[in-house]
Amino acid sequence: MWWTGPRIAIAAILSLAAVHVAIDWSTLPPPLPSHRATVSAWKPSEAWLYDRNGRLLDSSRVDFQARRLAWTPLDKIAPAAVQAIAEAEDRRFRDHDGIDWWAIAGSIRDRIEGKRARGASTLSMQVAAYLSPELAAPGSRGLVDKLRQMRAGAALERGWSKDQILEAYLNLAGFRGEAQGIGAAALGLFGKTPDALTRDDGLLLAALLPDPAAGAATVARRACALSRDRDCSRFAGAAASMLGPARSLALDPGLAMHLANRMLTEPGLRVETTLDLRIQQIAIRALRRQLVGLGGTRARDGAVVVADNETGEIRAWVGGIGGASTAPSVDGASSYRQAGSTLKPFLYAQAIEKGYLTPASILDDSPVQLDTASGLYVPQNYDRAFKGPVSARSALAGSLNVPAVRTLILTGVEAFRDRLWDTGYRGLTESGDYYGYSLALGSAEVTLVEQVAAYRSLARGGRWAPLHVRKGEESPAPRVTTTPQAAWLVADMLADPNARASTFGMDSALRLPFWAAVKTGTSKAMRDNWCIGFSDRYTVGVWVGNLEGDPMRAVSGTSGAAPVWRDVMMALHADRPGRAPPRPEGIEDRAIRFAGNIEQPRREYFLKGTAMAEVATAPAVARRPRIVSPVAGSVYALDPDIPIDRQRMAITVSGEVTGHRLQLDGRDLGTADARPMVLAGPGRHRLRLIAPGGRVSDQVLFTVR
């Protein structure tokens, strides 16, 4: 029939159209993001910590799927390296529209001739595959897959510029192991930033791209071929160095690891802190020098915190330096440790504020036993010696323990515990009864950051506010924790080199050539060593010890933390020495002398209305008659290996006891001032001090087993 021909033609056309539609549909590339969207979606594996002036302090790996640094703009990559990589991967990149037809023709010819086919993928096609991984999924090597990749490359060229495609390729390509992008590759393989790469570096990177796991010899051979140089001897050593043991990231200063671990919690995060890189380096050097000098067998760990008194901003946060540490990841600046004598300034400030003491008041530094709910508490001084009557100034500056305990008896344990809580010591979660009288000697646990904040409150006239380390963070309004007068008096006592001379000598590490108040502390069993002090501008806190809690060997307050404190303070005030704070209203001074030459005459400061010209210890007649030993609640055990007659107990009394007598279980022991020695058998006993007229002045109960 005449119409058979047209029908066949129409059918053929429709078939061709259907095939075309099928091919078009099957090779349709996935939608690709814009360059801006790609850069915006880039998530580095790192996060970065900066100082107050925008200088890099540290970085931290947060995402461990791949190693990616910040997106590197094309103009931040050395042109020689860019050219070397681009020519190796796609030498006609600037001339094609996403599809290199000459490369495709060459590949087809190689296949026909039975040769190993060369790659025909352009940089545009590779970037498209990075943006849509399904284009390069395993097994995607058929004709349809190749057509789809070609169409994706062409589509990318229509929406992106050549420079944008090249920039994306250099950031998305995997170079070696987990290093993705030229930023991670340059830093990890060469210890450089991308803008410092050379042509040879670019050739070596290009030689890695076909096989990122290739050995040094293969990479050197490929780099030589790409270079077209006659003399390629240099590439063997360069490749071996590039692929050698992992380089330390020299461009990462690594100056605040512990703070970085605390603050860098999300990939790509850039945190600006209040730290000052220069002060951070000063603190690190001072701590490292001291720990190296002490040696790992004496003390392995340390921490330093420096705060600006005016703003409350932390200028240095050193949680440790590694070295001989067995717990280098633990942040010594925020770890809770026993406070030692560093809490005493707040105790004396409370006693002075309430009018219980003046800096000239006499405290008795002599043996004392205190009956507590958990048994006898017998405080000792650091040197196991006692100095007798001493002024409160000398007791605080010299860090004497017994006078501090006697001061705590005046203020009350619960009131002192509350004062410490108000001063930011948040580790004191128990009641005062839990800590007992040992709280005066620092039995509570504190952090170095808490210590620096608390001492800063003394520098600011008794006004406490938390420290902050994030730049731009608003400081809360300060809270008054003690009076300006009490804070000033305590600061003056802590800054007095003469007052601490009897304990530390005149030329210890605590003495600076300018005004500074300072206090040391050592915890039980020599586990922690502190030195906290302040000038008019800075408060500096140092802790030295062993993070695992084992005792230090032959390290004291002035030989452990104090040298670090001194070095940091000297560096901070190199431009201007520290100045004594102005005296607040309500303080008066008076020339005083001490009866019996207990201490040398001096000019002393007092709360207004409490000044005196002469200070003396209370005479015996002014003291309440009482039994000193045995202490109420004591339990004594007889030793079967010692003759019974040698196990008599000495009865000790104090105060004016003329005419008083002693009774043990109703039996008269004679006059109280005769200090009788008694032999009490097993059982519970009652010892009484009887005044003239028969009144009981004092009594204690004790047990013998």
# chains A, B, ... in the order shown; residues from 1 in each chain; ligands from 1
>>> select_by_dssp(residues="stretch 243-382 of chain A", states="helix (DSSP H, G or I)", output="count of residues only")
39
>>> residues_around(residues="A:Arg553", least_positions_apart="2", cutoff="10 Å", atoms="only C-alpha atoms", output="ChimeraX atom specification")
/A:294,296-299,525-527,545,550-551,555-556
>>> residues_around(residues="A:Ser366", least_positions_apart="4", cutoff="8 Å", atoms="only C-alpha atoms", output="PyMOL selection string")
chain A and resi 386-389+402
>>> write_last_selection(atoms="all heavy atoms", output="JSON list (two decimals), in the first residue's frame")
[["chain", "number", "residue", "atom", "x", "y", "z"],
["A", 386, "PHE", "N", 57.01, 24.75, 116.71],
["A", 386, "PHE", "CA", 56.05, 25.74, 117.17],
["A", 386, "PHE", "C", 56.81, 26.99, 117.60],
["A", 386, "PHE", "O", 57.91, 26.92, 118.14],
["A", 386, "PHE", "CB", 55.24, 25.18, 118.34],
["A", 386, "PHE", "CG", 54.41, 23.98, 117.95],
["A", 386, "PHE", "CD1", 54.90, 22.70, 118.18],
["A", 386, "PHE", "CD2", 53.17, 24.13, 117.36],
["A", 386, "PHE", "CE1", 54.16, 21.59, 117.81],
["A", 386, "PHE", "CE2", 52.43, 23.01, 117.00],
["A", 386, "PHE", "CZ", 52.91, 21.74, 117.22],
["A", 387, "LYS", "N", 56.20, 28.15, 117.36],
["A", 387, "LYS", "CA", 56.88, 29.41, 117.59],
["A", 387, "LYS", "C", 56.35, 30.17, 118.78],
["A", 387, "LYS", "O", 56.78, 31.30, 119.05],
["A", 387, "LYS", "CB", 56.79, 30.27, 116.32],
["A", 387, "LYS", "CG", 57.55, 29.65, 115.14],
["A", 387, "LYS", "CD", 57.41, 30.47, 113.88],
["A", 387, "LYS", "CE", 58.34, 29.96, 112.79],
["A", 387, "LYS", "NZ", 58.14, 28.54, 112.46],
["A", 388, "GLY", "N", 55.38, 29.61, 119.50],
["A", 388, "GLY", "CA", 54.85, 30.30, 120.66],
["A", 388, "GLY", "C", 53.93, 31.44, 120.25],
["A", 388, "GLY", "O", 53.29, 31.39, 119.20],
["A", 389, "PRO", "N", 53.90, 32.53, 121.02],
["A", 389, "PRO", "CA", 53.03, 33.66, 120.67],
["A", 389, "PRO", "C", 53.53, 34.36, 119.41],
["A", 389, "PRO", "O", 54.70, 34.70, 119.29],
["A", 389, "PRO", "CB", 53.14, 34.59, 121.89],
["A", 389, "PRO", "CG", 53.75, 33.76, 122.97],
["A", 389, "PRO", "CD", 54.59, 32.72, 122.32],
["A", 402, "VAL", "N", 48.70, 26.02, 113.44],
["A", 402, "VAL", "CA", 47.96, 26.06, 114.70],
["A", 402, "VAL", "C", 47.25, 27.40, 114.89],
["A", 402, "VAL", "O", 46.07, 27.43, 115.27],
["A", 402, "VAL", "CB", 48.89, 25.72, 115.88],
["A", 402, "VAL", "CG1", 48.15, 25.92, 117.20],
["A", 402, "VAL", "CG2", 49.40, 24.29, 115.77]]
>>> closest_residue(among="A:Lys519, A:Arg590, A:Arg176, A:Arg230", to="A:Thr342", atoms="only C-alpha atoms")
A:Lys519
>>> closest_residue(among="A:Asp75, A:Asp589, A:Asp201, A:Asp507", to="A:Phe235", atoms="only C-alpha atoms")
A:Asp201
>>> closest_residue(among="A:Val413, A:Val219, A:Val635, A:Ile627", to="A:Ala672", atoms="only C-alpha atoms")
A:Ile627
>>> residues_around(residues="A:Val330", least_positions_apart="2", cutoff="10 Å", atoms="only C-alpha atoms", output="PDB file with N, CA and C atoms, in the first residue's frame")
ATOM      1  N   HIS A 258      44.485  21.678  76.502  1.00  0.00           N
ATOM      2  CA  HIS A 258      43.403  21.349  77.431  1.00  0.00           C
ATOM      3  C   HIS A 258      42.212  22.283  77.248  1.00  0.00           C
ATOM      4  N   ASP A 301      53.647  16.960  86.956  1.00  0.00           N
ATOM      5  CA  ASP A 301      52.587  17.768  86.359  1.00  0.00           C
ATOM      6  C   ASP A 301      52.544  19.164  86.964  1.00  0.00           C
ATOM      7  N   GLY A 319      47.033  23.853  81.189  1.00  0.00           N
ATOM      8  CA  GLY A 319      46.577  22.709  81.970  1.00  0.00           C
ATOM      9  C   GLY A 319      47.634  21.658  82.185  1.00  0.00           C
ATOM     10  N   GLY A 320      48.799  21.801  81.537  1.00  0.00           N
ATOM     11  CA  GLY A 320      49.897  20.849  81.646  1.00  0.00           C
ATOM     12  C   GLY A 320      50.792  21.002  80.429  1.00  0.00           C
ATOM     13  N   GLY A 322      52.701  18.068  79.317  1.00  0.00           N
ATOM     14  CA  GLY A 322      53.106  16.732  78.867  1.00  0.00           C
ATOM     15  C   GLY A 322      54.378  16.312  79.563  1.00  0.00           C
ATOM     16  N   SER A 325      54.645  13.532  82.286  1.00  0.00           N
ATOM     17  CA  SER A 325      53.309  13.272  82.819  1.00  0.00           C
ATOM     18  C   SER A 325      52.807  11.893  82.418  1.00  0.00           C
ATOM     19  N   THR A 326      52.138  11.238  83.352  1.00  0.00           N
ATOM     20  CA  THR A 326      51.479   9.965  83.059  1.00  0.00           C
ATOM     21  C   THR A 326      49.995  10.163  82.795  1.00  0.00           C
ATOM     22  N   ALA A 327      49.529  11.419  82.849  1.00  0.00           N
ATOM     23  CA  ALA A 327      48.133  11.738  82.544  1.00  0.00           C
ATOM     24  C   ALA A 327      48.088  13.054  81.778  1.00  0.00           C
ATOM     25  N   PRO A 328      48.731  13.118  80.602  1.00  0.00           N
ATOM     26  CA  PRO A 328      48.875  14.401  79.900  1.00  0.00           C
ATOM     27  C   PRO A 328      47.567  14.995  79.410  1.00  0.00           C
ATOM     28  N   GLY A 332      45.065  20.111  84.413  1.00  0.00           N
ATOM     29  CA  GLY A 332      45.431  20.453  85.787  1.00  0.00           C
ATOM     30  C   GLY A 332      44.834  21.752  86.267  1.00  0.00           C
ATOM     31  N   ALA A 333      44.409  22.631  85.351  1.00  0.00           N
ATOM     32  CA  ALA A 333      43.849  23.919  85.754  1.00  0.00           C
ATOM     33  C   ALA A 333      42.422  23.796  86.261  1.00  0.00           C
ATOM     34  N   SER A 334      41.708  22.769  85.834  1.00  0.00           N
ATOM     35  CA  SER A 334      40.308  22.616  86.242  1.00  0.00           C
ATOM     36  C   SER A 334      40.069  21.363  87.072  1.00  0.00           C
ATOM     37  N   SER A 335      41.132  20.670  87.451  1.00  0.00           N
ATOM     38  CA  SER A 335      40.990  19.459  88.268  1.00  0.00           C
ATOM     39  C   SER A 335      40.909  19.834  89.742  1.00  0.00           C
ATOM     40  N   LEU A 547      49.217  14.361  88.785  1.00  0.00           N
ATOM     41  CA  LEU A 547      47.789  14.269  88.531  1.00  0.00           C
ATOM     42  C   LEU A 547      47.195  12.953  88.989  1.00  0.00           C
ATOM     43  N   GLU A 548      48.012  11.913  89.053  1.00  0.00           N
ATOM     44  CA  GLU A 548      47.495  10.625  89.512  1.00  0.00           C
ATOM     45  C   GLU A 548      47.422  10.537  91.027  1.00  0.00           C
TER      46      GLU A 548
END
>>> atom_distance(atom1="atom CA of A:Val542", atom2="atom CA of A:Val452")
9.0 Å
